[in-house]
file final.txt (compact mmCIF, C-alpha atoms)
# COMPACT_ATOMS: atom_id res chain seq x y z
CA MET A 11 -14.69 18.28 -27.67
CA ASN A 12 -17.78 20.42 -27.03
CA GLY A 13 -17.92 22.93 -24.23
CA SER A 14 -19.61 21.74 -21.08
CA PHE A 15 -22.50 24.17 -21.68
CA GLU A 16 -23.61 21.91 -24.52
CA LEU A 17 -23.59 18.76 -22.42
CA LYS A 18 -26.89 17.13 -21.62
CA GLY A 19 -27.73 14.92 -18.66
CA LYS A 20 -26.12 14.55 -15.29
CA VAL A 21 -22.67 15.37 -14.10
CA VAL A 22 -20.57 12.43 -12.95
CA ILE A 23 -18.60 13.14 -9.79
CA PHE A 24 -15.04 11.82 -9.89
CA ALA A 25 -13.58 11.60 -6.38
CA THR A 26 -9.85 12.14 -6.82
CA GLY A 27 -7.10 14.46 -5.71
CA ASN A 28 -5.16 13.83 -8.91
CA ILE A 29 -5.59 16.46 -11.62
CA HIS A 30 -3.96 14.22 -14.28
CA LYS A 31 -6.51 11.47 -13.70
CA PHE A 32 -9.34 13.99 -13.62
CA ASN A 33 -8.36 15.59 -16.92
CA GLU A 34 -8.02 12.26 -18.70
CA ALA A 35 -11.42 11.08 -17.43
CA ARG A 36 -13.13 14.40 -18.16
CA VAL A 37 -12.16 14.27 -21.84
CA VAL A 38 -13.31 10.64 -22.25
CA LEU A 39 -16.62 11.27 -20.50
CA ALA A 40 -17.26 14.38 -22.62
CA GLN A 41 -17.04 12.14 -25.72
CA HIS A 42 -20.08 10.36 -24.29
CA GLY A 43 -21.90 13.62 -23.52
CA ILE A 44 -21.23 13.34 -19.80
CA ALA A 45 -19.90 16.27 -17.76
CA THR A 46 -17.47 15.53 -14.93
CA GLY A 47 -17.10 17.16 -11.55
CA MET A 48 -13.97 16.78 -9.46
CA LEU A 49 -14.41 16.05 -5.77
CA ARG A 50 -11.26 16.22 -3.68
CA ALA A 51 -12.60 13.76 -1.12
CA LYS A 52 -9.96 12.00 0.98
CA ALA A 53 -11.36 8.48 0.76
CA VAL A 54 -9.82 5.51 2.50
CA GLU A 55 -7.56 3.33 0.34
CA ILE A 56 -6.97 -0.25 1.41
CA GLN A 57 -3.89 -2.37 0.73
CA SER A 58 -4.76 -5.12 -1.71
CA ASP A 59 -3.40 -6.82 -4.82
CA SER A 60 -6.78 -6.12 -6.42
CA LEU A 61 -7.29 -2.66 -7.90
CA THR A 62 -11.02 -3.38 -8.16
CA GLU A 63 -11.19 -4.07 -4.44
CA ILE A 64 -9.21 -0.91 -3.63
CA ALA A 65 -11.42 1.26 -5.85
CA SER A 66 -14.63 -0.35 -4.51
CA VAL A 67 -13.82 0.28 -0.87
CA SER A 68 -12.75 3.86 -1.69
CA ALA A 69 -15.96 4.53 -3.61
CA GLN A 70 -18.09 3.25 -0.73
CA ASP A 71 -16.16 5.39 1.72
CA ALA A 72 -16.34 8.50 -0.48
CA TYR A 73 -20.09 7.95 -0.96
CA LYS A 74 -20.64 7.73 2.80
CA ARG A 75 -18.79 11.01 3.28
CA CYS A 76 -20.57 13.07 0.62
CA ARG A 77 -23.78 11.14 -0.28
CA LEU A 78 -23.32 11.82 -3.98
CA PRO A 79 -23.21 9.17 -6.73
CA LEU A 80 -19.58 9.03 -7.73
CA ILE A 81 -16.69 7.17 -9.30
CA VAL A 82 -13.26 6.43 -7.86
CA GLU A 83 -10.32 5.12 -9.86
CA ASP A 84 -7.39 3.03 -8.76
CA ALA A 85 -4.51 2.30 -11.08
CA GLY A 86 -1.26 0.39 -10.95
CA LEU A 87 1.77 -0.50 -13.00
CA PHE A 88 2.75 -4.18 -13.05
CA VAL A 89 6.22 -4.99 -14.38
CA ASP A 90 6.56 -8.67 -15.36
CA ALA A 91 10.27 -9.04 -14.57
CA LEU A 92 9.70 -7.44 -11.13
CA LYS A 93 6.86 -9.85 -10.26
CA GLY A 94 4.26 -7.11 -10.50
CA PHE A 95 6.19 -4.32 -8.74
CA PRO A 96 5.25 -1.51 -8.17
CA GLY A 97 1.68 -2.75 -8.63
CA PRO A 98 -1.06 -1.00 -6.65
CA TYR A 99 1.57 1.00 -4.72
CA ALA A 100 2.78 2.86 -7.81
CA ALA A 101 1.92 6.24 -6.23
CA TYR A 102 4.11 5.65 -3.14
CA VAL A 103 6.90 4.15 -5.20
CA TYR A 104 6.73 7.15 -7.52
CA GLN A 105 6.95 9.57 -4.57
CA THR A 106 10.01 7.79 -3.21
CA VAL A 107 12.28 6.08 -5.76
CA ALA A 108 10.38 7.45 -8.80
CA ASN A 109 11.26 6.70 -12.44
CA LYS A 110 14.99 6.65 -11.70
CA GLY A 111 14.46 3.88 -9.16
CA LEU A 112 12.33 1.82 -11.53
CA LEU A 113 14.92 2.20 -14.30
CA LYS A 114 17.67 1.13 -11.89
CA LEU A 115 15.73 -2.00 -10.98
CA MET A 116 15.35 -2.70 -14.72
CA GLU A 117 19.05 -2.25 -15.56
CA ASN A 118 20.29 -5.24 -17.60
CA VAL A 119 16.80 -6.77 -17.56
CA LYS A 120 15.82 -8.11 -21.00
CA ASP A 121 12.13 -8.77 -20.41
CA ARG A 122 10.71 -5.24 -20.20
CA LYS A 123 7.02 -6.11 -20.49
CA ALA A 124 4.70 -4.16 -18.22
CA THR A 125 0.98 -3.53 -17.87
CA PHE A 126 -0.82 -0.45 -16.66
CA ARG A 127 -4.18 -1.38 -15.14
CA SER A 128 -7.11 0.79 -14.10
CA ALA A 129 -10.23 0.00 -12.09
CA ILE A 130 -13.18 2.38 -11.86
CA ALA A 131 -15.78 1.83 -9.13
CA TYR A 132 -19.18 3.56 -9.22
CA CYS A 133 -21.21 3.89 -6.04
CA ASP A 134 -24.63 5.52 -5.61
CA SER A 135 -26.01 3.98 -2.43
CA GLU A 136 -25.03 3.10 1.07
CA ASN A 137 -25.71 -0.61 0.69
CA GLY A 138 -22.03 -1.10 -0.07
CA GLU A 139 -22.57 -2.15 -3.68
CA THR A 140 -20.33 -0.83 -6.38
CA VAL A 141 -20.17 -1.44 -10.11
CA CYS A 142 -16.63 -1.84 -11.43
CA PHE A 143 -14.99 -1.41 -14.82
CA THR A 144 -11.42 -2.20 -15.77
CA GLY A 145 -8.97 -1.36 -18.50
CA GLN A 146 -5.39 -2.26 -19.26
CA ALA A 147 -2.56 -1.19 -21.51
CA THR A 148 0.36 -3.51 -22.19
CA GLY A 149 3.72 -2.18 -23.22
CA GLU A 150 7.36 -1.95 -22.24
CA ILE A 151 9.52 -0.11 -19.74
CA THR A 152 11.90 2.11 -21.69
CA THR A 153 15.60 2.30 -20.84
CA GLN A 154 15.43 6.02 -20.06
CA GLU A 155 12.85 8.66 -19.22
CA GLN A 156 11.19 10.10 -22.32
CA THR A 157 8.87 13.02 -21.77
CA GLN A 158 7.75 16.31 -23.31
CA ASP A 159 7.03 17.73 -19.93
CA LYS A 160 8.94 17.78 -16.63
CA SER A 161 5.64 17.55 -14.74
CA ALA A 162 4.52 14.38 -16.55
CA PHE A 163 2.28 12.02 -14.63
CA GLY A 164 3.90 9.24 -12.60
CA PHE A 165 5.55 6.46 -14.58
CA ASP A 166 4.28 7.80 -17.93
CA PRO A 167 7.84 8.80 -19.04
CA VAL A 168 9.09 5.19 -18.85
CA PHE A 169 6.05 3.34 -20.27
CA GLN A 170 5.72 2.81 -24.01
CA PRO A 171 2.46 1.12 -25.02
CA GLU A 172 2.60 -1.78 -27.47
CA GLY A 173 2.77 -0.75 -31.11
CA LYS A 174 3.57 2.90 -30.35
CA ALA A 175 6.84 4.77 -30.77
CA LYS A 176 6.18 7.17 -27.89
CA THR A 177 5.86 6.88 -24.13
CA PHE A 178 2.63 7.99 -22.45
CA ALA A 179 4.49 11.16 -21.42
CA GLU A 180 5.34 12.01 -25.04
CA MET A 181 1.71 11.73 -26.16
CA THR A 182 -0.95 14.41 -26.13
CA LEU A 183 -3.83 13.71 -23.77
CA GLU A 184 -5.93 12.67 -26.79
CA GLU A 185 -3.25 10.24 -28.02
CA LYS A 186 -2.87 8.72 -24.57
CA ASN A 187 -6.64 8.40 -24.20
CA ARG A 188 -6.80 6.33 -27.40
CA VAL A 189 -4.75 3.54 -25.80
CA SER A 190 -4.63 4.04 -22.04
CA HIS A 191 -5.88 1.71 -19.33
CA ARG A 192 -7.75 4.58 -17.67
CA ALA A 193 -9.57 5.67 -20.85
CA GLN A 194 -10.68 2.08 -21.51
CA ALA A 195 -12.13 1.72 -18.03
CA ILE A 196 -13.85 5.13 -18.30
CA HIS A 197 -15.34 4.25 -21.72
CA LYS A 198 -16.81 1.05 -20.25
CA PHE A 199 -18.23 2.97 -17.31
CA ALA A 200 -19.74 5.64 -19.62
CA GLU A 201 -21.44 3.06 -21.83
CA TRP A 202 -22.95 1.35 -18.81
CA TYR A 203 -23.94 4.67 -17.20
CA ILE A 204 -25.80 5.78 -20.31
CA LYS A 205 -27.59 2.43 -20.59
CA GLN A 206 -28.81 2.87 -17.00
CA GLY A 207 -30.70 5.95 -18.22
CA HIS A 208 -28.59 8.39 -16.19
CA VAL A 209 -27.96 10.54 -19.28
CA LYS A 210 -30.84 11.73 -21.45
CA SER A 211 -30.09 12.12 -25.14
CA MET B 7 11.27 -18.21 29.37
CA ASN B 8 8.73 -20.05 31.47
CA GLY B 9 6.26 -22.46 29.93
CA SER B 10 2.82 -21.07 29.26
CA PHE B 11 1.32 -23.29 32.00
CA GLU B 12 3.03 -21.05 34.54
CA LEU B 13 1.63 -17.84 33.08
CA LYS B 14 -0.92 -15.92 35.05
CA GLY B 15 -3.55 -13.54 33.78
CA LYS B 16 -5.18 -13.19 30.43
CA VAL B 17 -4.01 -14.23 27.03
CA VAL B 18 -3.39 -11.41 24.57
CA ILE B 19 -4.70 -12.14 21.10
CA PHE B 20 -2.32 -11.07 18.31
CA ALA B 21 -4.17 -10.83 15.00
CA THR B 22 -1.57 -11.63 12.35
CA GLY B 23 -0.91 -14.09 9.58
CA ASN B 24 2.85 -13.71 10.01
CA ILE B 25 4.53 -16.41 12.10
CA HIS B 26 7.78 -14.40 12.40
CA LYS B 27 5.93 -11.45 13.96
CA PHE B 28 3.97 -13.76 16.23
CA ASN B 29 7.04 -15.55 17.55
CA GLU B 30 8.89 -12.31 18.27
CA ALA B 31 5.88 -10.86 20.12
CA ARG B 32 5.16 -14.07 22.02
CA VAL B 33 8.65 -14.14 23.55
CA VAL B 34 8.52 -10.47 24.59
CA LEU B 35 5.06 -10.80 26.11
CA ALA B 36 6.10 -13.93 28.03
CA GLN B 37 8.82 -11.82 29.70
CA HIS B 38 5.95 -9.77 31.14
CA GLY B 39 3.99 -12.86 32.20
CA ILE B 40 1.51 -12.51 29.37
CA ALA B 41 0.53 -15.44 27.14
CA THR B 42 -0.14 -14.79 23.47
CA GLY B 43 -2.68 -16.32 21.13
CA MET B 44 -2.37 -16.08 17.36
CA LEU B 45 -5.48 -15.19 15.42
CA ARG B 46 -5.19 -15.50 11.65
CA ALA B 47 -7.87 -12.88 11.03
CA LYS B 48 -7.77 -11.23 7.60
CA ALA B 49 -8.22 -7.63 8.72
CA VAL B 50 -8.42 -4.71 6.35
CA GLU B 51 -5.18 -2.77 5.83
CA ILE B 52 -5.40 0.79 4.58
CA GLN B 53 -2.81 2.68 2.52
CA SER B 54 -1.23 5.39 4.62
CA ASP B 55 2.16 6.88 5.43
CA SER B 56 1.28 6.36 9.11
CA LEU B 57 1.89 2.89 10.54
CA THR B 58 -0.16 3.86 13.60
CA GLU B 59 -3.13 4.68 11.40
CA ILE B 60 -2.77 1.43 9.45
CA ALA B 61 -2.53 -0.65 12.65
CA SER B 62 -5.45 1.22 14.27
CA VAL B 63 -7.86 0.67 11.40
CA SER B 64 -6.81 -3.01 11.19
CA ALA B 65 -7.31 -3.51 14.92
CA GLN B 66 -10.79 -1.98 14.77
CA ASP B 67 -11.67 -4.17 11.80
CA ALA B 68 -10.28 -7.34 13.41
CA TYR B 69 -12.18 -6.56 16.62
CA LYS B 70 -15.46 -6.17 14.73
CA ARG B 71 -14.92 -9.56 13.09
CA CYS B 72 -14.07 -11.56 16.19
CA ARG B 73 -15.21 -9.46 19.21
CA LEU B 74 -12.07 -10.29 21.15
CA PRO B 75 -9.65 -7.77 22.70
CA LEU B 76 -6.62 -7.91 20.45
CA ILE B 77 -3.47 -6.30 19.10
CA VAL B 78 -2.45 -5.74 15.49
CA GLU B 79 1.02 -4.71 14.38
CA ASP B 80 2.10 -2.79 11.32
CA ALA B 81 5.76 -2.35 10.47
CA GLY B 82 7.77 -0.66 7.79
CA LEU B 83 11.32 -0.06 6.65
CA PHE B 84 12.21 3.54 5.79
CA VAL B 85 15.46 4.07 3.87
CA ASP B 86 16.68 7.67 4.08
CA ALA B 87 18.38 7.83 0.68
CA LEU B 88 15.23 6.39 -0.96
CA LYS B 89 12.95 9.02 0.64
CA GLY B 90 11.35 6.45 2.93
CA PHE B 91 10.97 3.60 0.42
CA PRO B 92 9.75 0.86 0.89
CA GLY B 93 7.99 2.36 3.92
CA PRO B 94 4.65 0.85 4.92
CA TYR B 95 4.60 -1.26 1.73
CA ALA B 96 7.64 -3.31 2.74
CA ALA B 97 5.64 -6.55 2.53
CA TYR B 98 4.60 -6.02 -1.10
CA VAL B 99 8.04 -4.77 -2.07
CA TYR B 100 9.56 -7.84 -0.40
CA GLN B 101 7.22 -10.18 -2.30
CA THR B 102 8.15 -8.56 -5.61
CA VAL B 103 11.67 -7.11 -5.86
CA ALA B 104 12.79 -8.44 -2.44
CA ASN B 105 16.23 -7.85 -0.90
CA LYS B 106 17.96 -8.05 -4.27
CA GLY B 107 15.84 -5.16 -5.55
CA LEU B 108 16.51 -3.04 -2.47
CA LEU B 109 20.27 -3.68 -2.76
CA LYS B 110 20.16 -2.74 -6.47
CA LEU B 111 18.45 0.57 -5.60
CA MET B 112 21.19 1.16 -3.01
CA GLU B 113 24.11 0.42 -5.38
CA ASN B 114 26.67 3.25 -5.19
CA VAL B 115 24.61 5.01 -2.53
CA LYS B 116 26.78 6.30 0.33
CA ASP B 117 24.09 7.24 2.84
CA ARG B 118 22.82 3.82 3.93
CA LYS B 119 20.82 4.92 6.98
CA ALA B 120 17.47 3.23 7.46
CA THR B 121 14.86 2.86 10.19
CA PHE B 122 12.59 -0.07 10.95
CA ARG B 123 9.39 1.15 12.61
CA SER B 124 6.62 -0.77 14.33
CA ALA B 125 3.18 0.30 15.52
CA ILE B 126 1.02 -1.85 17.78
CA ALA B 127 -2.68 -1.03 18.10
CA TYR B 128 -4.83 -2.52 20.87
CA CYS B 129 -8.61 -2.60 20.52
CA ASP B 130 -11.16 -3.98 22.97
CA SER B 131 -14.39 -2.24 22.07
CA GLU B 132 -16.48 -1.30 19.10
CA ASN B 133 -16.35 2.43 19.74
CA GLY B 134 -13.46 2.63 17.30
CA GLU B 135 -10.89 3.60 19.93
CA THR B 136 -7.47 2.02 19.89
CA VAL B 137 -4.39 2.50 22.05
CA CYS B 138 -1.15 2.61 20.07
CA PHE B 139 2.49 1.93 20.89
CA THR B 140 5.49 2.44 18.65
CA GLY B 141 9.09 1.35 18.45
CA GLN B 142 11.94 1.98 16.09
CA ALA B 143 15.40 0.64 15.28
CA THR B 144 17.87 2.74 13.34
CA GLY B 145 20.66 1.15 11.38
CA GLU B 146 22.11 0.70 7.92
CA ILE B 147 21.36 -1.19 4.75
CA THR B 148 24.20 -3.64 4.16
CA THR B 149 25.80 -4.06 0.74
CA GLN B 150 24.83 -7.73 0.51
CA GLU B 151 22.41 -10.17 2.10
CA GLN B 152 23.71 -11.60 5.37
CA THR B 153 21.65 -14.34 6.93
CA GLN B 154 21.94 -17.59 8.87
CA ASP B 155 18.75 -18.84 7.39
CA LYS B 156 17.34 -18.89 3.85
CA SER B 157 13.84 -18.36 5.25
CA ALA B 158 14.79 -15.20 7.15
CA PHE B 159 12.04 -12.64 7.65
CA GLY B 160 11.65 -9.90 5.05
CA PHE B 161 14.41 -7.31 4.88
CA ASP B 162 16.17 -8.67 8.00
CA PRO B 163 19.17 -9.95 5.93
CA VAL B 164 20.04 -6.43 4.71
CA PHE B 165 19.40 -4.42 7.92
CA GLN B 166 22.17 -4.00 10.47
CA PRO B 167 21.08 -2.13 13.60
CA GLU B 168 23.28 0.67 14.92
CA GLY B 169 26.17 -0.50 17.09
CA LYS B 170 25.80 -4.16 16.10
CA ALA B 171 28.03 -6.27 13.86
CA LYS B 172 25.19 -8.53 12.66
CA THR B 173 22.07 -8.08 10.57
CA PHE B 174 18.69 -8.91 12.10
CA ALA B 175 18.82 -12.16 10.11
CA GLU B 176 22.11 -13.21 11.70
CA MET B 177 20.79 -12.73 15.24
CA THR B 178 18.93 -15.21 17.40
CA LEU B 179 15.34 -14.24 18.17
CA GLU B 180 16.49 -13.16 21.64
CA GLU B 181 19.28 -10.96 20.23
CA LYS B 182 16.92 -9.34 17.74
CA ASN B 183 14.32 -8.74 20.47
CA ARG B 184 16.88 -6.78 22.49
CA VAL B 185 17.07 -4.09 19.82
CA SER B 186 14.16 -4.46 17.41
CA HIS B 187 11.43 -1.94 16.65
CA ARG B 188 8.78 -4.61 17.18
CA ALA B 189 10.08 -5.70 20.60
CA GLN B 190 10.17 -2.08 21.78
CA ALA B 191 6.56 -1.49 20.77
CA ILE B 192 5.48 -4.78 22.38
CA HIS B 193 7.29 -3.92 25.64
CA LYS B 194 5.47 -0.57 25.78
CA PHE B 195 2.15 -2.30 25.14
CA ALA B 196 2.84 -4.93 27.82
CA GLU B 197 3.71 -2.32 30.45
CA TRP B 198 0.50 -0.40 29.71
CA TYR B 199 -1.58 -3.58 29.60
CA ILE B 200 -0.36 -4.69 33.00
CA LYS B 201 -1.01 -1.23 34.49
CA GLN B 202 -4.60 -1.46 33.24
CA GLY B 203 -5.01 -4.45 35.54
CA HIS B 204 -5.50 -6.97 32.74
CA VAL B 205 -2.85 -9.26 34.22
CA LYS B 206 -3.02 -10.32 37.86
CA SER B 207 0.30 -10.86 39.55
call {"tool": "encode", "arguments": {"input": "final.txt", "output": "structure tokens"}}
result
Amino acid sequence: MNGSFELKGKVVIFATGNIHKFNEARVVLAQHGIATGMLRAKAVEIQSDSLTEIASVSAQDAYKRCRLPLIVEDAGLFVDALKGFPGPYAAYVYQTVANKGLLKLMENVKDRKATFRSAIAYCDSENGETVCFTGQATGEITTQEQTQDKSAFGFDPVFQPEGKAKTFAEMTLEEKNRVSHRAQAIHKFAEWYIKQGHVKS
Amino acid sequence: MNGSFELKGKVVIFATGNIHKFNEARVVLAQHGIATGMLRAKAVEIQSDSLTEIASVSAQDAYKRCRLPLIVEDAGLFVDALKGFPGPYAAYVYQTVANKGLLKLMENVKDRKATFRSAIAYCDSENGETVCFTGQATGEITTQEQTQDKSAFGFDPVFQPEGKAKTFAEMTLEEKNRVSHRAQAIHKFAEWYIKQGHVKS
């Protein structure tokens, strides 16, 4: 990764209060020659089964507050055997019952398939329009927490992506970015953003 | 309860898609001489730890859509040992892991204290102001589902209010309304509403 002083073109503002999300996005965007700014805007989040809808409404709200072109991300973890729980409310579920609670719900459950999903919404005007990009990573819920780091992000210690021998929390940021839902959505956004002529090469 | 043909004064519009909530509110409001209309408006619901905030934003949104004075209710179940889970997301948690999931999380947990909370928001103008009323019922999470009725409402089969030998799901609507969080909030709203002169006696 090059230092930001070598980056050409505009900075993309990422409205988030989550440093894990910001760091993951920053590294992906830098691969496309885009610098990232973090804006700790408290944007409204709606309740919805649709991550795209949640991210869209947040992006519109954040844009209205700061009048800067920006992206917002919403992510969720959908466990098949739990009918999509914790879904878009992964953050609240993590703050309350956390990984231990999820593992308890999955005790003696054979079907461990789960999908992490991400939706990025870009907004640069007040007309309410957003452009959205999605990514997903399928995998399995492990039977115990596996992490390198006590401060690992959310459900990363119990999610092992398909075809990998490590959980998200055992991977380096670069390894996670090669397969993660968030990185996929950010890559799609970056490709579109560059095509729009926002970044000069 | 008197028939609605004997009711004096205005009808209160309750914006909800939930027939259980509507029926409980209708009976309480009738005790105050207020008739209730059900409006199946799909109002926005935000993500927040504050039921009052969720209900307020929904009431404002529902008012903008239909331009009728109305109430919206938001409720949640907060289990002490689970740090407030499922909280304001009780509906999604119920649709996914349901009572069985909550009981699994509470296996071998001694402290079974839980609180059902309700927030009612009333909105009658576009200035964004709402008037809010809250109620709560403390009790315990049972160790198994106890219900008279397979189609019982949400977490009612696993919540036993303090000082009672039955769960909410084993009570008649009238019994539940004597102690429930929702009935308390609705009573407070009704008393305020009448004082405002909305209902002529």
call {"tool": "closest_residue", "arguments": {"input": "final.txt", "among": "A:Asn187, A:Ser58, A:Gln41, A:Asn28", "to": "chain B", "atoms": "only C-alpha atoms"}}
result
A:Ser58
call {"tool": "interface_residues", "arguments": {"input": "final.txt", "of": "chain B", "to": "chain A", "cutoff": "12 Å", "atoms": "all atoms listed in the file", "output": "ChimeraX atom specification"}}
result
/B:48-55,59-60,63-64,84-114
call {"tool": "calpha_fit_rmsd", "arguments": {"input": "final.txt", "fixed": "chain B", "moving": "chain A"}}
result
0.0 Å
call {"tool": "atom_distance", "arguments": {"input": "final.txt", "atom1": "atom CA of A:Phe126", "atom2": "atom CA of A:Leu80"}}
result
22.8 Å
call {"tool": "atom_distance", "arguments": {"input": "final.txt", "atom1": "atom CA of A:Ala124", "atom2": "atom CA of A:Gly149"}}
result
5.5 Å
call {"tool": "residues_around", "arguments": {"input": "final.txt", "residues": "B:Val33", "least_positions_apart": "3", "cutoff": "9 Å", "atoms": "only C-alpha atoms", "output": "count of residues only"}}
result
11
call {"tool": "atom_distance", "arguments": {"input": "final.txt", "atom1": "atom CA of A:Trp202", "atom2": "atom CA of A:Pro79"}}
result
14.4 Å
call {"tool": "closest_residue", "arguments": {"input": "final.txt", "among": "A:Ala69, A:Leu87, A:Cys76, A:Cys142", "to": "A:Ala200", "atoms": "all atoms listed in the file"}}
result
A:Cys142
call {"tool": "closest_residue", "arguments": {"input": "final.txt", "among": "B:Ala175, B:Leu35, B:Ala127, B:Val137", "to": "B:Glu151", "atoms": "all atoms listed in the file"}}
result
B:Ala175
call {"tool": "closest_atom_pairs", "arguments": {"input": "final.txt", "of": "stretch 75-123 of chain B", "to": "stretch 185-195 of chain B", "cutoff": "10 Å", "atoms": "only C-alpha atoms", "output": "Markdown table"}}
result
| residue | atom | partner | partner_atom | distance |
| --- | --- | --- | --- | --- |
| B:Ile77 | CA | B:Phe195 | CA | 9.2 |
| B:Glu79 | CA | B:Arg188 | CA | 8.3 |
| B:Asp80 | CA | B:Arg188 | CA | 9.1 |
| B:Ala81 | CA | B:Arg188 | CA | 7.7 |
| B:Gly82 | CA | B:His187 | CA | 9.7 |
| B:Thr121 | CA | B:His187 | CA | 8.7 |
| B:Phe122 | CA | B:His187 | CA | 6.1 |
| B:Arg123 | CA | B:His187 | CA | 5.5 |
call {"tool": "residues_around", "arguments": {"input": "final.txt", "residues": "A:Asp134", "least_positions_apart": "5", "cutoff": "12 Å", "atoms": "only C-alpha atoms", "output": "PDB file with C-alpha atoms, keeping the file's coordinate frame"}}
result
ATOM      1  CA  VAL A  22     -20.570  12.430 -12.950  1.00  0.00           C
ATOM      2  CA  ILE A  23     -18.600  13.140  -9.790  1.00  0.00           C
ATOM      3  CA  SER A  66     -14.630  -0.350  -4.510  1.00  0.00           C
ATOM      4  CA  ALA A  69     -15.960   4.530  -3.610  1.00  0.00           C
ATOM      5  CA  GLN A  70     -18.090   3.250  -0.730  1.00  0.00           C
ATOM      6  CA  ASP A  71     -16.160   5.390   1.720  1.00  0.00           C
ATOM      7  CA  ALA A  72     -16.340   8.500  -0.480  1.00  0.00           C
ATOM      8  CA  TYR A  73     -20.090   7.950  -0.960  1.00  0.00           C
ATOM      9  CA  LYS A  74     -20.640   7.730   2.800  1.00  0.00           C
ATOM     10  CA  ARG A  75     -18.790  11.010   3.280  1.00  0.00           C
ATOM     11  CA  CYS A  76     -20.570  13.070   0.620  1.00  0.00           C
ATOM     12  CA  ARG A  77     -23.780  11.140  -0.280  1.00  0.00           C
ATOM     13  CA  LEU A  78     -23.320  11.820  -3.980  1.00  0.00           C
ATOM     14  CA  PRO A  79     -23.210   9.170  -6.730  1.00  0.00           C
ATOM     15  CA  LEU A  80     -19.580   9.030  -7.730  1.00  0.00           C
ATOM     16  CA  ILE A  81     -16.690   7.170  -9.300  1.00  0.00           C
ATOM     17  CA  VAL A  82     -13.260   6.430  -7.860  1.00  0.00           C
ATOM     18  CA  GLU A 139     -22.570  -2.150  -3.680  1.00  0.00           C
ATOM     19  CA  THR A 140     -20.330  -0.830  -6.380  1.00  0.00           C
ATOM     20  CA  VAL A 141     -20.170  -1.440 -10.110  1.00  0.00           C
ATOM     21  CA  TYR A 203     -23.940   4.670 -17.200  1.00  0.00           C
ATOM     22  CA  HIS A 208     -28.590   8.390 -16.190  1.00  0.00           C
TER      23      HIS A 208
END
call {"tool": "closest_residue", "arguments": {"input": "final.txt", "among": "A:Thr148, A:Ala175, A:Leu49, A:Ala65", "to": "A:Ala129", "atoms": "all atoms listed in the file"}}
result
A:Ala65
call {"tool": "build_atoms", "arguments": {"input": "final.txt", "residues": "stretch 191-204 of chain A", "atoms": "N, CA and C atoms", "output": "short mmCIF file (atom, residue, chain, number, x, y, z; two decimals), in the coordinates of the input"}}
result
data_model
loop_
_atom_site.label_atom_id
_atom_site.label_comp_id
_atom_site.auth_asym_id
_atom_site.auth_seq_id
_atom_site.Cartn_x
_atom_site.Cartn_y
_atom_site.Cartn_z
N HIS A 191 -5.11 2.52 -20.27
CA HIS A 191 -5.88 1.71 -19.33
C HIS A 191 -7.04 2.50 -18.73
N ARG A 192 -6.74 3.75 -18.33
CA ARG A 192 -7.75 4.58 -17.67
C ARG A 192 -8.89 4.90 -18.64
N ALA A 193 -8.54 5.31 -19.86
CA ALA A 193 -9.57 5.67 -20.85
C ALA A 193 -10.46 4.47 -21.14
N GLN A 194 -9.86 3.28 -21.25
CA GLN A 194 -10.68 2.08 -21.51
C GLN A 194 -11.69 1.84 -20.40
N ALA A 195 -11.23 1.95 -19.16
CA ALA A 195 -12.13 1.72 -18.03
C ALA A 195 -13.23 2.78 -18.01
N ILE A 196 -12.87 4.03 -18.31
CA ILE A 196 -13.85 5.13 -18.30
C ILE A 196 -14.88 4.93 -19.44
N HIS A 197 -14.41 4.52 -20.62
CA HIS A 197 -15.34 4.25 -21.72
C HIS A 197 -16.37 3.19 -21.30
N LYS A 198 -15.89 2.12 -20.68
CA LYS A 198 -16.81 1.05 -20.25
C LYS A 198 -17.82 1.57 -19.24
N PHE A 199 -17.32 2.37 -18.29
CA PHE A 199 -18.23 2.97 -17.31
C PHE A 199 -19.27 3.83 -18.02
N ALA A 200 -18.83 4.68 -18.95
CA ALA A 200 -19.74 5.64 -19.62
C ALA A 200 -20.83 4.89 -20.38
N GLU A 201 -20.45 3.83 -21.07
CA GLU A 201 -21.44 3.06 -21.83
C GLU A 201 -22.49 2.46 -20.90
N TRP A 202 -22.03 1.92 -19.80
CA TRP A 202 -22.95 1.35 -18.81
C TRP A 202 -23.84 2.44 -18.20
N TYR A 203 -23.23 3.56 -17.88
CA TYR A 203 -23.94 4.67 -17.20
C TYR A 203 -25.07 5.19 -18.08
N ILE A 204 -24.78 5.29 -19.37
CA ILE A 204 -25.80 5.78 -20.31
C ILE A 204 -26.93 4.77 -20.44
#
